[in-house]
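Text of final-v5.txt (compact mmCIF, C-alpha atoms) as supplied:
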# COMPACT_ATOMS: atom_id res chain seq x y z
CA MET A 1 100.39 85.62 117.92
CA ILE A 2 101.93 85.89 114.46
CA LEU A 3 100.40 87.37 111.33
CA VAL A 4 100.80 86.98 107.57
CA ALA A 5 98.99 88.24 104.48
CA ASP A 6 99.23 87.74 100.72
CA VAL A 7 100.38 84.14 100.91
CA HIS A 8 99.63 83.63 97.20
CA GLY A 9 100.57 79.97 97.11
CA GLU A 10 103.59 79.98 99.45
CA PHE A 11 102.24 76.99 101.35
CA ASP A 12 105.49 75.36 102.53
CA ALA A 13 106.50 78.42 104.53
CA LEU A 14 102.91 78.86 105.74
CA GLY A 15 102.93 75.30 107.06
CA GLN A 16 106.10 75.89 109.05
CA LEU A 17 104.49 78.89 110.74
CA ALA A 18 101.24 77.04 111.38
CA ARG A 19 103.09 74.40 113.37
CA SER A 20 105.20 76.87 115.34
CA GLY A 21 103.01 76.60 118.43
CA GLU A 22 101.74 80.20 118.24
CA PRO A 23 98.30 81.29 117.04
CA LEU A 24 98.59 82.22 113.35
CA LEU A 25 96.45 84.99 111.83
CA VAL A 26 96.15 84.86 108.03
CA LEU A 27 94.84 88.09 106.50
CA GLY A 28 93.78 86.95 103.06
CA ASP A 29 94.91 86.26 99.50
CA LEU A 30 95.79 82.61 99.95
CA ILE A 31 95.77 81.56 96.29
CA ASN A 32 98.17 82.63 93.57
CA PHE A 33 96.03 83.65 90.62
CA VAL A 34 98.68 85.89 89.02
CA ASP A 35 102.17 86.72 90.28
CA TYR A 36 102.80 90.01 88.47
CA ARG A 37 106.55 89.68 89.02
CA THR A 38 106.89 86.36 87.19
CA MET A 39 103.49 85.96 85.47
CA ASP A 40 103.14 82.56 87.21
CA GLY A 41 99.89 81.41 88.76
CA ILE A 42 96.54 79.86 87.97
CA ALA A 43 95.80 82.17 85.04
CA ALA A 44 99.10 81.25 83.37
CA GLU A 45 98.55 77.54 83.95
CA VAL A 46 95.16 77.70 82.23
CA LEU A 47 95.67 80.43 79.61
CA GLY A 48 99.44 80.87 79.22
CA LYS A 49 102.00 83.45 80.27
CA GLU A 50 101.62 85.55 77.10
CA PHE A 51 97.96 86.13 77.92
CA VAL A 52 98.81 86.95 81.54
CA ALA A 53 101.45 89.47 80.44
CA ARG A 54 98.81 91.27 78.40
CA VAL A 55 96.42 91.25 81.36
CA ALA A 56 99.22 92.66 83.53
CA HIS A 57 99.69 95.52 81.08
CA PHE A 58 96.03 96.47 81.34
CA ARG A 59 96.21 96.26 85.13
CA ALA A 60 99.28 98.50 85.24
CA THR A 61 97.50 101.15 83.19
CA GLY A 62 94.20 100.78 85.05
CA ASP A 63 92.39 99.77 81.86
CA TYR A 64 89.70 97.50 83.29
CA ALA A 65 87.61 97.72 80.12
CA GLY A 66 90.58 96.48 78.08
CA SER A 67 91.17 93.67 80.56
CA ARG A 68 87.54 92.53 80.43
CA ALA A 69 87.57 92.63 76.61
CA LEU A 70 90.75 90.54 76.53
CA TRP A 71 89.23 87.95 78.86
CA ARG A 72 86.06 87.76 76.77
CA LYS A 73 88.07 87.26 73.57
CA GLN A 74 90.29 84.60 75.16
CA MET A 75 87.33 82.67 76.55
CA ALA A 76 85.02 82.96 73.53
CA GLY A 77 83.50 79.56 72.81
CA ARG A 78 85.40 77.95 75.71
CA GLU A 79 83.81 79.67 78.68
CA ALA A 80 82.61 76.53 80.48
CA GLU A 81 85.87 74.64 79.98
CA ILE A 82 88.06 77.54 81.12
CA ARG A 83 85.91 78.16 84.19
CA ARG A 84 86.11 74.46 85.02
CA GLN A 85 89.89 74.45 84.74
CA ILE A 86 90.26 77.60 86.83
CA GLY A 87 87.93 76.16 89.46
CA GLU A 88 89.98 72.96 89.65
CA HIS A 89 93.21 74.92 90.15
CA VAL A 90 91.60 77.15 92.78
CA ARG A 91 90.28 74.15 94.72
CA GLY A 92 93.70 72.49 94.43
CA GLN A 93 95.39 75.51 95.98
CA TYR A 94 92.83 75.64 98.78
CA GLU A 95 93.42 71.95 99.47
CA ALA A 96 97.12 72.86 99.78
CA THR A 97 96.10 75.67 102.15
CA GLY A 98 94.27 73.17 104.33
CA ARG A 99 97.26 70.83 104.43
CA ALA A 100 99.57 73.70 105.35
CA LEU A 101 97.39 74.76 108.27
CA GLU A 102 96.90 71.27 109.72
CA GLY A 103 98.26 70.73 113.20
CA GLY A 104 98.14 74.36 114.30
CA VAL A 105 95.75 77.01 115.58
CA SER A 106 94.90 79.65 113.00
CA TYR A 107 92.35 82.35 112.25
CA VAL A 108 91.82 83.01 108.55
CA THR A 109 90.02 85.75 106.66
CA TYR A 110 89.90 86.42 102.93
CA GLY A 111 91.31 88.90 100.44
CA ASN A 112 90.33 90.16 97.02
CA VAL A 113 91.67 87.18 95.03
CA ASP A 114 90.08 84.60 97.32
CA TRP A 115 86.90 82.62 96.83
CA PRO A 116 85.51 82.93 100.39
CA ASP A 117 83.25 79.86 100.32
CA ALA A 118 85.96 77.63 98.86
CA LEU A 119 88.49 78.96 101.37
CA GLN A 120 86.19 78.32 104.31
CA ALA A 121 85.44 74.79 103.10
CA CYS A 122 89.14 73.83 102.96
CA LEU A 123 90.11 74.74 106.51
CA PRO A 124 91.16 71.90 108.83
CA ASP A 125 90.36 71.39 112.51
CA GLY A 126 92.13 74.09 114.48
CA SER A 127 91.57 76.73 111.78
CA VAL A 128 88.69 79.19 112.05
CA PHE A 129 87.29 81.31 109.22
CA VAL A 130 86.57 84.79 110.60
CA ASP A 131 84.83 87.74 108.94
CA GLY A 132 82.91 90.44 110.78
CA GLU A 133 83.66 88.60 114.02
CA VAL A 134 85.66 89.02 117.21
CA VAL A 135 87.77 86.31 118.84
CA GLU A 136 89.77 86.43 122.06
CA ILE A 137 93.44 85.59 121.62
CA GLY A 138 95.80 85.86 124.56
CA GLY A 139 93.36 88.05 126.44
CA LEU A 140 92.94 90.47 123.52
CA ARG A 141 89.76 91.17 121.59
CA VAL A 142 90.76 90.71 117.94
CA GLY A 143 88.32 91.74 115.21
CA PHE A 144 88.45 90.46 111.62
CA VAL A 145 86.96 92.02 108.48
CA GLY A 146 87.79 90.28 105.22
CA GLY A 147 87.57 91.30 101.59
CA GLY A 148 89.21 93.52 99.01
CA ALA A 149 88.22 96.84 97.48
CA PRO A 150 85.55 96.82 94.76
CA THR A 151 86.74 97.11 91.15
CA PRO A 152 84.97 96.94 87.77
CA LEU A 153 86.06 93.28 87.59
CA GLY A 154 83.67 92.33 90.39
CA VAL A 155 85.58 89.26 91.61
CA ALA A 156 84.41 87.06 94.47
CA GLY A 157 86.65 88.50 97.17
CA GLU A 158 85.64 92.13 96.69
CA VAL A 159 83.53 93.92 99.29
CA SER A 160 81.61 97.20 99.01
CA GLU A 161 82.29 100.05 101.41
CA GLU A 162 78.76 99.65 102.74
CA ALA A 163 79.33 95.97 103.51
CA MET A 164 82.68 96.75 105.12
CA ALA A 165 81.08 99.41 107.33
CA GLU A 166 78.40 96.92 108.40
CA LYS A 167 81.05 94.38 109.40
CA LEU A 168 82.95 96.98 111.40
CA ASP A 169 79.76 98.08 113.16
CA ARG A 170 79.12 94.44 114.02
CA ILE A 171 82.48 93.87 115.70
CA GLY A 172 82.41 97.06 117.78
CA PRO A 173 85.45 98.12 119.84
CA VAL A 174 88.46 95.77 119.81
CA ASP A 175 92.07 95.78 120.94
CA VAL A 176 93.35 94.66 117.53
CA LEU A 177 91.71 95.04 114.12
CA CYS A 178 92.73 92.66 111.32
CA SER A 179 91.73 93.17 107.69
CA HIS A 180 93.03 92.47 104.21
CA LEU A 181 92.52 96.05 103.08
CA PRO A 182 94.52 99.04 104.36
CA PRO A 183 92.77 102.14 105.63
CA ALA A 184 92.38 105.06 103.22
CA VAL A 185 95.74 106.65 104.08
CA GLY A 186 97.64 107.49 100.90
CA ALA A 187 101.07 106.18 101.89
CA LEU A 188 99.57 102.87 103.05
CA HIS A 189 97.83 102.05 99.77
CA THR A 190 100.37 103.35 97.25
CA ASP A 191 102.59 100.69 95.66
CA VAL A 192 106.03 102.16 95.01
CA ILE A 193 107.00 99.50 92.45
CA THR A 194 103.94 99.70 90.22
CA GLY A 195 103.38 103.39 90.94
CA ARG A 196 99.70 102.65 91.41
CA VAL A 197 97.35 103.92 94.08
CA GLU A 198 95.63 100.67 95.04
CA GLY A 199 92.36 99.97 96.81
CA SER A 200 91.74 100.96 100.41
CA SER A 201 88.83 101.46 102.75
CA VAL A 202 87.36 104.72 104.00
CA ALA A 203 85.15 102.67 106.33
CA ILE A 204 88.22 101.17 107.99
CA LEU A 205 89.84 104.59 108.40
CA ARG A 206 86.65 105.92 109.96
CA TYR A 207 86.55 102.97 112.33
CA LEU A 208 90.15 103.61 113.43
CA VAL A 209 89.41 107.28 114.09
CA GLU A 210 86.30 106.47 116.11
CA GLN A 211 87.31 103.29 117.96
CA GLN A 212 91.11 103.68 118.28
CA PRO A 213 92.18 100.03 118.60
CA SER A 214 95.77 99.66 119.72
CA TYR A 215 96.78 97.96 116.45
CA HIS A 216 95.47 97.54 112.92
CA TYR A 217 97.11 94.78 110.86
CA PHE A 218 96.46 94.39 107.12
CA GLY A 219 98.03 93.34 103.81
CA ASP A 220 97.02 93.71 100.13
CA ILE A 221 99.69 96.28 99.12
CA HIS A 222 102.80 94.30 98.25
CA GLN A 223 105.34 97.17 98.09
CA PRO A 224 103.78 100.02 100.10
CA GLN A 225 105.15 103.53 100.30
CA ALA A 226 104.84 103.13 104.07
CA SER A 227 104.38 99.89 105.96
CA ARG A 228 103.65 101.55 109.32
CA TRP A 229 101.51 104.54 110.24
CA ARG A 230 99.61 106.02 113.13
CA VAL A 231 95.98 107.02 113.08
CA GLY A 232 95.52 108.65 116.46
CA LYS A 233 96.46 105.99 119.01
CA THR A 234 96.27 103.13 116.49
CA ARG A 235 99.47 101.62 115.12
CA CYS A 236 98.76 100.57 111.52
CA VAL A 237 101.01 97.77 110.22
CA ASN A 238 101.21 96.18 106.77
CA VAL A 239 102.27 92.63 107.63
CA GLY A 240 104.07 92.14 104.31
CA TYR A 241 103.97 90.19 101.04
CA PHE A 242 104.41 86.68 102.40
CA ARG A 243 104.91 85.02 98.99
CA ALA A 244 108.03 87.14 98.50
CA THR A 245 109.35 87.45 102.07
CA ARG A 246 108.22 84.22 103.78
CA ARG A 247 108.28 86.26 106.97
CA ALA A 248 105.59 86.87 109.55
CA ILE A 249 104.93 89.78 111.90
CA ARG A 250 104.70 89.01 115.60
CA HIS A 251 102.27 91.02 117.71
CA PRO A 252 104.10 92.58 120.66
Turn this file's structure into structure tokens for me.
Amino acid sequence: MILVADVHGEFDALGQLARSGEPLLVLGDLINFVDYRTMDGIAAEVLGKEFVARVAHFRATGDYAGSRALWRKQMAGREAEIRRQIGEHVRGQYEATGRALEGGVSYVTYGNVDWPDALQACLPDGSVFVDGEVVEIGGLRVGFVGGGAPTPLGVAGEVSEEAMAEKLDRIGPVDVLCSHLPPAVGALHTDVITGRVEGSSVAILRYLVEQQPSYHYFGDIHQPQASRWRVGKTRCVNVGYFRATRRAIRHP
């Protein structure tokens, strides 16, 4: 089986993998809302790159209050129209997701930028939405827990630590754990380009310590300080920023 995360709109390369003949595991963040390298994405298409650059500044400094105030000012008097336009772009990207995954076998969970219901609705035959569930792939028990870390923005793809712990309790022991979020290990959730300590999950780390799956695959951190780590017997692997690399990880 092969794994990707943080697709962020790179649907052509995703489609090539989907039709490779191997089971494809997609660990969230399918849509490209904002590419902080180029300022491209849905937000720029609706509100312009200058606005997105200002949002990126607030994100880089961790000023969520400033970001929310900027959004409110930009949307004032146009809230319904802007939400409609964003929704159309999101649905368009999920339709592209569905086309990319046609003709293959895939298991898909969601990340922090995703709209889980819209993602699930777009998936073609042969693609399965998985969250808090276990599937058998090649004789292995593979558990999936979707969602990103909670922030003051409260976007659709975020998941509380309590909800994450409940999902992990539900799946029980597995051979391979797949998530969008990394475990709460500093080097795995520190981005060396932005210099930011990003979100992570204590619940996932606790699960790894207690259950010791052979592998834990995840994404979310685009330029991590470390892409591989061990927690006891578990090999932790960041599968990479697919939008930038167009490369997958293959499970041994």
Worksheet item: Between A:Asp175, A:Asp125, A:Glu102, A:Glu166, which has the minimum distance to Leu140 in chain A (counting only C-alpha atoms)?
Response: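 Of all the options, A:Asp175 lies closest to Leu140 in chain A.
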Worksheet item: For Pro116 in chain A, which of A:Gly62, A:Gly232, A:Gly28, A:Gly186 is the closest residue, counting all atoms listed in the file?
Response: A:Gly28
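Every protein or nucleic acid residue with an atom no more than 12 Å from Asp12 in chain A, counting all atoms listed in the file and leaving out same-chain residues fewer than 2 positions away, appears here: A:Val7, A:His8, A:Gly9, A:Glu10, A:Leu14, A:Gly15, A:Gln16, A:Leu17, A:Ala18, A:Arg19, A:Ala96, A:Thr97, A:Gly98, A:Arg99, A:Ala100, A:Leu101, A:Glu102, A:Phe242, A:Arg243, A:Arg246.
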Fill in: Given all atoms listed in the file as the counted atoms, nearest of A:Ser127, A:Thr151, A:Thr194, A:Asn32 to Trp115 in chain A
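Checking each of A:Ser127, A:Thr151, A:Thr194, A:Asn32 against Trp115 in chain A, counting all atoms listed in the file, the winner is A:Asn32.
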Hey, could you pull the box centre and edge lengths for range 176-187 of chain A, axis-aligned, 3 Å padding per side, all listed atoms, to one decimal in Å, as lines of an AutoDock Vina configuration file?
center_x = 96.4
center_y = 100.0
center_z = 109.2
size_x = 15.4
size_y = 21.0
size_z = 22.6
Worksheet entry | Point-to-point distance in Å for CA of Val155 in chain A and CA of Ala65 in chain A | 14.4 Å
